[in-house]
$ cat work_4.cif   # mmCIF, C-alpha atoms
data_structure
loop_
_atom_site.label_atom_id
_atom_site.label_comp_id
_atom_site.auth_asym_id
_atom_site.auth_seq_id
_atom_site.Cartn_x
_atom_site.Cartn_y
_atom_site.Cartn_z
CA MET A 232 48.25 20.56 -17.20
CA GLU A 233 51.79 19.14 -17.30
CA GLU A 234 50.48 15.73 -18.31
CA LEU A 235 48.38 17.29 -21.07
CA ILE A 236 51.36 19.23 -22.43
CA ALA A 237 53.45 16.07 -22.33
CA GLN A 238 50.78 14.20 -24.29
CA TYR A 239 51.10 16.60 -27.23
CA THR A 240 54.80 17.43 -27.10
CA GLY A 241 56.36 15.95 -30.22
CA ALA A 242 53.01 15.16 -31.82
CA ASP A 243 52.46 16.19 -35.44
CA GLU A 244 48.80 16.94 -36.11
CA ASP A 245 49.50 17.31 -39.83
CA SER A 246 50.50 13.66 -40.00
CA ARG A 247 47.51 12.52 -37.93
CA LEU A 248 45.10 14.17 -40.35
CA THR A 249 46.73 12.94 -43.55
CA ARG A 250 48.31 9.53 -43.03
CA GLN A 251 45.02 7.58 -43.23
CA TYR A 252 41.81 8.12 -45.15
CA ILE A 253 39.73 7.82 -42.00
CA ALA A 254 41.58 10.80 -40.47
CA GLN A 255 41.52 12.70 -43.75
CA LEU A 256 37.74 12.27 -43.67
CA GLU A 257 37.65 14.27 -40.43
CA PHE A 258 39.70 17.07 -41.99
CA ASP A 259 37.82 17.13 -45.30
CA THR A 260 34.45 17.16 -43.53
CA THR A 261 35.48 19.94 -41.17
CA MET A 262 36.77 22.07 -44.04
CA HIS A 263 33.59 21.42 -46.02
CA LYS A 264 31.44 22.62 -43.13
CA LEU A 265 33.65 25.67 -42.49
CA ALA A 266 33.98 26.66 -46.16
CA PRO A 267 30.98 29.06 -46.20
CA TYR A 268 32.65 31.13 -43.46
CA LEU A 269 36.19 31.26 -44.87
CA SER A 270 36.10 34.13 -47.34
CA LYS A 271 39.29 35.92 -48.35
CA GLY A 272 40.15 38.66 -45.86
CA SER A 273 37.95 37.32 -43.07
CA SER A 274 39.37 37.24 -39.54
CA VAL A 275 39.69 33.68 -38.25
CA CYS A 276 40.90 32.61 -34.81
CA GLU A 277 41.77 29.02 -33.98
CA LEU A 278 41.97 28.17 -30.29
CA GLY A 279 43.99 24.98 -29.88
CA ALA A 280 45.77 25.18 -33.22
CA ALA A 281 48.28 22.35 -32.61
CA THR A 282 50.83 22.28 -35.46
CA GLY A 283 48.59 24.34 -37.72
CA ARG A 284 46.93 21.94 -40.14
CA TYR A 285 43.79 24.06 -40.10
CA SER A 286 45.29 27.47 -39.36
CA LEU A 287 47.77 27.21 -42.22
CA THR A 288 45.00 26.12 -44.57
CA PHE A 289 42.91 29.12 -43.54
CA ALA A 290 45.89 31.39 -44.24
CA GLN A 291 46.41 29.78 -47.65
CA MET A 292 42.81 30.70 -48.43
CA GLY A 293 43.56 34.36 -47.77
CA CYS A 294 42.08 34.64 -44.27
CA ARG A 295 43.67 36.79 -41.57
CA VAL A 296 44.51 34.10 -39.00
CA THR A 297 45.18 34.22 -35.27
CA SER A 298 46.35 30.91 -33.78
CA VAL A 299 46.51 30.03 -30.08
CA GLU A 300 48.12 26.82 -28.82
CA LEU A 301 48.83 25.63 -25.28
CA VAL A 302 51.84 23.37 -25.95
CA PRO A 303 55.11 25.27 -26.58
CA ASP A 304 56.50 22.52 -28.80
CA GLN A 305 53.43 22.71 -31.03
CA VAL A 306 53.69 26.50 -31.19
CA ASN A 307 57.26 26.21 -32.45
CA ILE A 308 56.26 23.70 -35.13
CA LEU A 309 53.41 25.95 -36.27
CA LYS A 310 55.70 28.98 -36.51
CA ARG A 311 58.27 26.97 -38.46
CA LYS A 312 55.65 25.67 -40.90
CA ALA A 313 54.27 29.18 -41.43
CA HIS A 314 57.79 30.45 -42.18
CA GLU A 315 58.49 27.57 -44.58
CA GLN A 316 55.22 28.20 -46.42
CA GLN A 317 55.73 31.99 -46.39
CA LEU A 318 52.40 32.52 -44.65
CA THR A 319 51.62 35.30 -42.19
CA LEU A 320 49.76 34.30 -39.01
CA ASP A 321 49.58 35.76 -35.53
CA VAL A 322 50.65 32.84 -33.32
CA PHE A 323 50.35 32.85 -29.52
CA GLN A 324 51.15 30.35 -26.80
CA GLY A 325 48.16 30.36 -24.49
CA ASN A 326 45.11 28.73 -22.96
CA ALA A 327 41.81 28.67 -24.86
CA CYS A 328 39.98 29.67 -21.67
CA ASP A 329 41.74 33.05 -21.48
CA VAL A 330 42.95 34.97 -24.53
CA PRO A 331 43.14 38.63 -23.38
CA PHE A 332 45.61 39.42 -26.17
CA ILE A 333 42.79 39.03 -28.76
CA PRO A 334 40.57 42.12 -28.93
CA SER A 335 36.84 41.83 -28.27
CA GLN A 336 34.58 41.65 -31.33
CA SER A 337 37.55 41.29 -33.69
CA GLN A 338 36.95 37.89 -35.31
CA ASP A 339 34.53 36.68 -37.98
CA LEU A 340 35.05 33.00 -37.12
CA CYS A 341 36.39 31.25 -34.02
CA VAL A 342 37.37 27.60 -34.41
CA ILE A 343 37.85 25.34 -31.36
CA LEU A 344 38.82 21.90 -32.67
CA GLY A 345 40.77 20.41 -29.78
CA PRO A 346 40.48 22.13 -26.39
CA LEU A 347 37.09 20.65 -25.49
CA TYR A 348 38.68 17.21 -25.68
CA HIS A 349 40.59 18.08 -22.51
CA LEU A 350 38.67 20.69 -20.49
CA LYS A 351 37.37 18.45 -17.73
CA SER A 352 35.39 20.96 -15.69
CA GLU A 353 32.14 22.51 -16.87
CA LYS A 354 33.45 25.90 -15.77
CA GLU A 355 36.48 25.61 -18.06
CA ARG A 356 34.35 24.54 -21.01
CA GLU A 357 32.03 27.49 -20.47
CA GLN A 358 35.02 29.85 -20.15
CA ALA A 359 36.41 28.72 -23.51
CA ILE A 360 33.10 29.26 -25.30
CA LYS A 361 32.53 32.60 -23.56
CA GLU A 362 36.00 33.78 -24.61
CA ALA A 363 35.14 32.79 -28.16
CA ARG A 364 31.93 34.79 -27.91
CA ARG A 365 33.82 37.80 -26.57
CA ILE A 366 36.27 37.92 -29.47
CA LEU A 367 33.65 37.33 -32.16
CA LYS A 368 32.03 40.15 -34.08
CA PRO A 369 28.26 40.66 -33.58
CA GLU A 370 27.50 38.37 -36.54
CA GLY A 371 30.40 36.02 -35.77
CA VAL A 372 30.42 32.25 -36.10
CA LEU A 373 31.72 29.58 -33.69
CA ALA A 374 32.82 26.06 -34.64
CA VAL A 375 33.38 23.58 -31.80
CA ALA A 376 34.62 19.99 -32.08
CA TYR A 377 34.22 17.27 -29.46
CA VAL A 378 34.92 13.56 -28.98
CA SER A 379 31.88 11.40 -28.27
CA ARG A 380 31.97 9.36 -25.06
CA PHE A 381 29.76 6.76 -26.78
CA PHE A 382 32.40 6.28 -29.45
CA VAL A 383 35.11 5.95 -26.79
CA ALA A 384 33.15 3.16 -25.11
CA GLY A 385 32.91 1.38 -28.46
CA MET A 386 36.64 1.81 -29.04
CA PHE A 387 37.35 0.25 -25.66
CA ALA A 388 35.14 -2.73 -26.54
CA GLN A 389 36.92 -3.18 -29.86
CA LEU A 390 40.55 -2.48 -28.93
CA PHE A 391 40.95 -2.36 -25.14
CA PRO A 392 38.70 -5.02 -23.58
CA GLU A 393 40.66 -4.77 -20.32
CA LEU A 394 38.92 -1.41 -19.85
CA ILE A 395 35.46 -2.90 -20.07
CA THR A 396 34.78 -2.80 -16.34
CA PRO A 397 31.87 -1.30 -14.40
CA ASP A 398 34.11 1.39 -12.90
CA VAL A 399 35.53 2.52 -16.24
CA LEU A 400 32.25 2.56 -18.14
CA ASN A 401 30.30 4.19 -15.31
CA GLU A 402 32.87 6.97 -15.00
CA LEU A 403 32.91 7.48 -18.76
CA ASN A 404 29.12 7.52 -19.04
CA GLU A 405 28.46 9.73 -16.02
CA GLN A 406 31.48 12.07 -16.01
CA GLY A 407 32.99 11.87 -19.49
CA THR A 408 36.42 11.00 -18.09
CA VAL A 409 38.69 7.93 -17.87
CA SER A 410 41.02 7.74 -14.88
CA HIS A 411 41.94 4.03 -14.92
CA PRO A 412 45.76 3.72 -14.80
CA ALA A 413 45.71 1.06 -17.54
CA ALA A 414 44.19 3.51 -20.02
CA ASP A 415 46.42 5.29 -22.52
CA ARG A 416 47.44 8.79 -21.43
CA PHE A 417 45.29 10.33 -24.18
CA PHE A 418 42.18 9.00 -22.46
CA ARG A 419 43.39 9.92 -18.96
CA VAL A 420 43.87 13.57 -19.95
CA GLY A 421 40.69 13.61 -22.01
CA TYR A 422 37.13 14.81 -21.66
CA PHE A 423 34.48 13.08 -23.75
CA SER A 424 31.12 14.69 -24.39
CA THR A 425 27.65 13.71 -25.50
CA PRO A 426 26.14 15.42 -28.57
CA SER A 427 23.30 16.89 -26.52
CA GLU A 428 25.74 18.27 -23.92
CA ILE A 429 27.66 20.21 -26.56
CA GLU A 430 24.47 21.64 -28.01
CA ARG A 431 23.40 22.81 -24.54
CA LEU A 432 26.85 24.33 -23.91
CA VAL A 433 26.84 26.27 -27.17
CA GLN A 434 23.29 27.51 -26.72
CA SER A 435 23.71 28.42 -23.05
CA THR A 436 26.73 30.62 -23.83
CA GLY A 437 24.96 32.74 -26.40
CA PHE A 438 24.88 30.98 -29.76
CA SER A 439 22.17 29.59 -31.99
CA ILE A 440 23.06 26.29 -33.66
CA ALA A 441 23.46 26.35 -37.42
CA SER A 442 24.58 22.74 -37.90
CA HIS A 443 25.72 19.66 -35.98
CA SER A 444 27.75 17.10 -37.90
CA ALA A 445 29.19 13.63 -37.30
CA THR A 446 32.64 14.47 -38.63
CA ASP A 447 33.73 10.84 -39.06
CA GLY A 448 30.26 9.25 -39.22
CA PHE A 449 30.54 5.58 -38.35
CA GLY A 450 33.70 5.37 -40.45
CA ARG A 451 36.06 4.62 -37.55
CA TYR A 452 34.30 1.31 -37.00
CA ILE A 453 35.05 0.31 -40.61
CA ALA A 454 38.47 1.97 -40.74
CA ASN A 455 40.18 -1.06 -42.25
CA GLY A 456 37.93 -0.81 -45.28
CA VAL A 457 38.06 2.99 -45.62
CA ASN A 458 41.84 3.18 -45.28
CA HIS A 459 42.28 0.75 -48.20
CA PHE A 460 40.04 2.63 -50.63
CA THR A 461 41.42 3.74 -53.96
CA PRO A 462 41.45 7.54 -54.42
CA SER A 463 38.25 7.38 -56.46
CA GLN A 464 36.56 5.17 -53.86
CA TYR A 465 37.57 7.60 -51.12
CA GLN A 466 36.05 10.49 -53.06
CA THR A 467 32.84 8.52 -53.56
CA TRP A 468 32.71 7.69 -49.84
CA LEU A 469 33.44 11.31 -48.93
CA ASP A 470 30.58 12.52 -51.13
CA TYR A 471 28.24 10.00 -49.50
CA HIS A 472 29.44 10.98 -46.04
CA LEU A 473 29.00 14.71 -46.65
CA ALA A 474 25.44 14.08 -47.78
CA SER A 475 24.62 12.23 -44.57
CA CYS A 476 26.90 13.60 -41.82
CA ASP A 477 24.21 15.87 -40.33
CA GLU A 478 21.94 12.90 -39.67
CA PRO A 479 21.25 13.08 -35.90
CA SER A 480 21.30 9.30 -35.42
CA LEU A 481 24.99 9.21 -36.42
CA LEU A 482 26.24 11.77 -33.90
CA GLY A 483 26.98 9.56 -30.91
CA SER A 484 28.71 6.85 -32.95
CA SER A 485 31.10 9.29 -34.62
CA ASN A 486 34.54 9.77 -33.10
CA HIS A 487 34.35 13.53 -33.59
CA GLY A 488 31.39 15.86 -33.79
CA LEU A 489 31.31 19.46 -35.00
CA VAL A 490 28.81 22.09 -33.88
CA ILE A 491 28.62 25.39 -35.75
CA GLY A 492 26.77 28.26 -34.11
CA SER A 493 26.08 31.89 -34.85
CA LYS A 494 26.39 34.58 -32.21
CA ALA A 495 22.99 35.47 -30.80
CA ASN A 496 21.77 39.01 -30.19
CA GLU A 497 23.86 40.70 -27.46
CA SER A 498 20.76 42.04 -25.73
CA ILE A 499 19.56 38.52 -24.97
CA PHE A 500 22.63 37.60 -22.89
#
$ encode --input "work_4.cif" --output "structure tokens"
Amino acid sequence: MEELIAQYTGADEDSRLTRQYIAQLEFDTTMHKLAPYLSKGSSVCELGAATGRYSLTFAQMGCRVTSVELVPDQVNILKRKAHEQQLTLDVFQGNACDVPFIPSQSQDLCVILGPLYHLKSEKEREQAIKEARRILKPEGVLAVAYVSRFFVAGMFAQLFPELITPDVLNELNEQGTVSHPAADRFFRVGYFSTPSEIERLVQSTGFSIASHSATDGFGRYIANGVNHFTPSQYQTWLDYHLASCDEPSLLGSSNHGLVIGSKANESIF
């Protein structure tokens, strides 16, 4: 836990999602997929809110936002940004696996866009989704993001060939983790999923799947081209991407995936 907190202390998620087109694509796609559930006055909870790029946007849209973030430094940045933008959010420092301060059946939408990148045990991942289910209203919606282990293997091949060893790739493929000391800390504190695993997790914890999107598509592999687009070219690429991002064959190659599910009938679970 200390190593995870250290990884994100001082990090600015706003900058990560805006400084390059390839990262903006992730944000724009996520917002596009969430848009149908973000009506003015709706109750939205973000577990793992970081510095608030999404939470603040939800608040700007008129949603009633509850934000939970593990890293104290990130919580402070989020609170400062909310104050500067004169936005009202309920902000808590806490763990996505246990949010007793949020009442049961109080939220229309629960967004989990970071915690599953780092919850290494199946029990923890299930706890996070079950907590989301608890706080959601009977017709509530869940949105869960993950990082594909297949993409991570491709990134290693492209950028970190020293990590292309049987031990590293076997661990990544079989366990979704990277423990090699030569790997960057982000990978060592990370958990990397398969698309089918996330679908099973969401369904097994009481949700029916509404959509499953490749948030970046294969764009990360052509990042040099995407990042040098003109604004009009980026918009054209974004339109193309949004029309194709639910194509199942793209899921494993995308850096990030996004699963949206609706809460199933209580009597079933």
$ residues_around --input "work_4.cif" --residues "Val490 of chain A" --least-positions-apart "3" --cutoff "9 Å" --atoms "only C-alpha atoms" --output "list in words"
Leu373, Ala374, Val375, Ala376, Tyr377, Pro426, Ile429, Glu430, Val433, Ile440, Ala441, Ser442, His443 and Ser444 of chain A
$ residues_around --input "work_4.cif" --residues "Thr260 of chain A" --least-positions-apart "4" --cutoff "10 Å" --atoms "all atoms listed in the file" --output "short mmCIF file (atom, residue, chain, number, x, y, z; two decimals) with C-alpha atoms, in the frame of the given file"
data_model
loop_
_atom_site.label_atom_id
_atom_site.label_comp_id
_atom_site.auth_asym_id
_atom_site.auth_seq_id
_atom_site.Cartn_x
_atom_site.Cartn_y
_atom_site.Cartn_z
CA GLN A 255 41.52 12.70 -43.75
CA LEU A 256 37.74 12.27 -43.67
CA LYS A 264 31.44 22.62 -43.13
CA LEU A 265 33.65 25.67 -42.49
CA ALA A 266 33.98 26.66 -46.16
CA SER A 444 27.75 17.10 -37.90
CA ALA A 445 29.19 13.63 -37.30
CA THR A 446 32.64 14.47 -38.63
CA ASP A 447 33.73 10.84 -39.06
CA GLY A 448 30.26 9.25 -39.22
CA LEU A 469 33.44 11.31 -48.93
CA ASP A 470 30.58 12.52 -51.13
CA HIS A 472 29.44 10.98 -46.04
CA LEU A 473 29.00 14.71 -46.65
CA CYS A 476 26.90 13.60 -41.82
CA LEU A 489 31.31 19.46 -35.00
#
$ closest_residue --input "work_4.cif" --among "A:Ile453, A:Val306, A:Leu432, A:Gly437" --to "Leu278 of chain A" --atoms "all atoms listed in the file"
A:Val306
$ closest_residue --input "work_4.cif" --among "A:Gln324, A:Ser286, A:Gln291, A:Gln305" --to "Lys271 of chain A" --atoms "all atoms listed in the file"
A:Gln291
$ closest_residue --input "work_4.cif" --among "A:His459, A:Met386, A:Ser337, A:Ile395" --to "Pro369 of chain A" --atoms "only C-alpha atoms"
A:Ser337
$ atom_distance --input "work_4.cif" --atom1 "atom CA of Arg416 of chain A" --atom2 "atom CA of Pro392 of chain A"
16.5 Å
$ atom_distance --input "work_4.cif" --atom1 "atom CA of Phe418 of chain A" --atom2 "atom CA of Val299 of chain A"
22.8 Å
$ resolve_selection --input "work_4.cif" --expression "the PyMOL selection byres ((chain A and resi 344) around 10)" --output "VMD selection string"
chain A and resid 261 277 to 281 285 341 to 343 345 to 348 374 to 378 487 to 489
$ closest_residue --input "work_4.cif" --among "A:Ser493, A:Glu362, A:Asn486, A:Tyr252" --to "Ser463 of chain A" --atoms "only C-alpha atoms"
A:Tyr252
$ resolve_selection --input "work_4.cif" --expression "the PyMOL selection byres ((chain A and resi 301) around 6)" --output "tab-separated table (two decimals) with C-alpha atoms, in the coordinates of the input"
chain	number	residue	atom	x	y	z
A	300	GLU	CA	48.12	26.82	-28.82
A	302	VAL	CA	51.84	23.37	-25.95
A	324	GLN	CA	51.15	30.35	-26.80
A	325	GLY	CA	48.16	30.36	-24.49
A	326	ASN	CA	45.11	28.73	-22.96
$ residues_near_point --input "work_4.cif" --point "(41.5, 38.4, -46.0)" --cutoff "8 Å" --atoms "only C-alpha atoms" --output "list of chain:residue names"
A:Ser270, A:Lys271, A:Gly272, A:Ser273, A:Ser274, A:Gly293, A:Cys294, A:Arg295
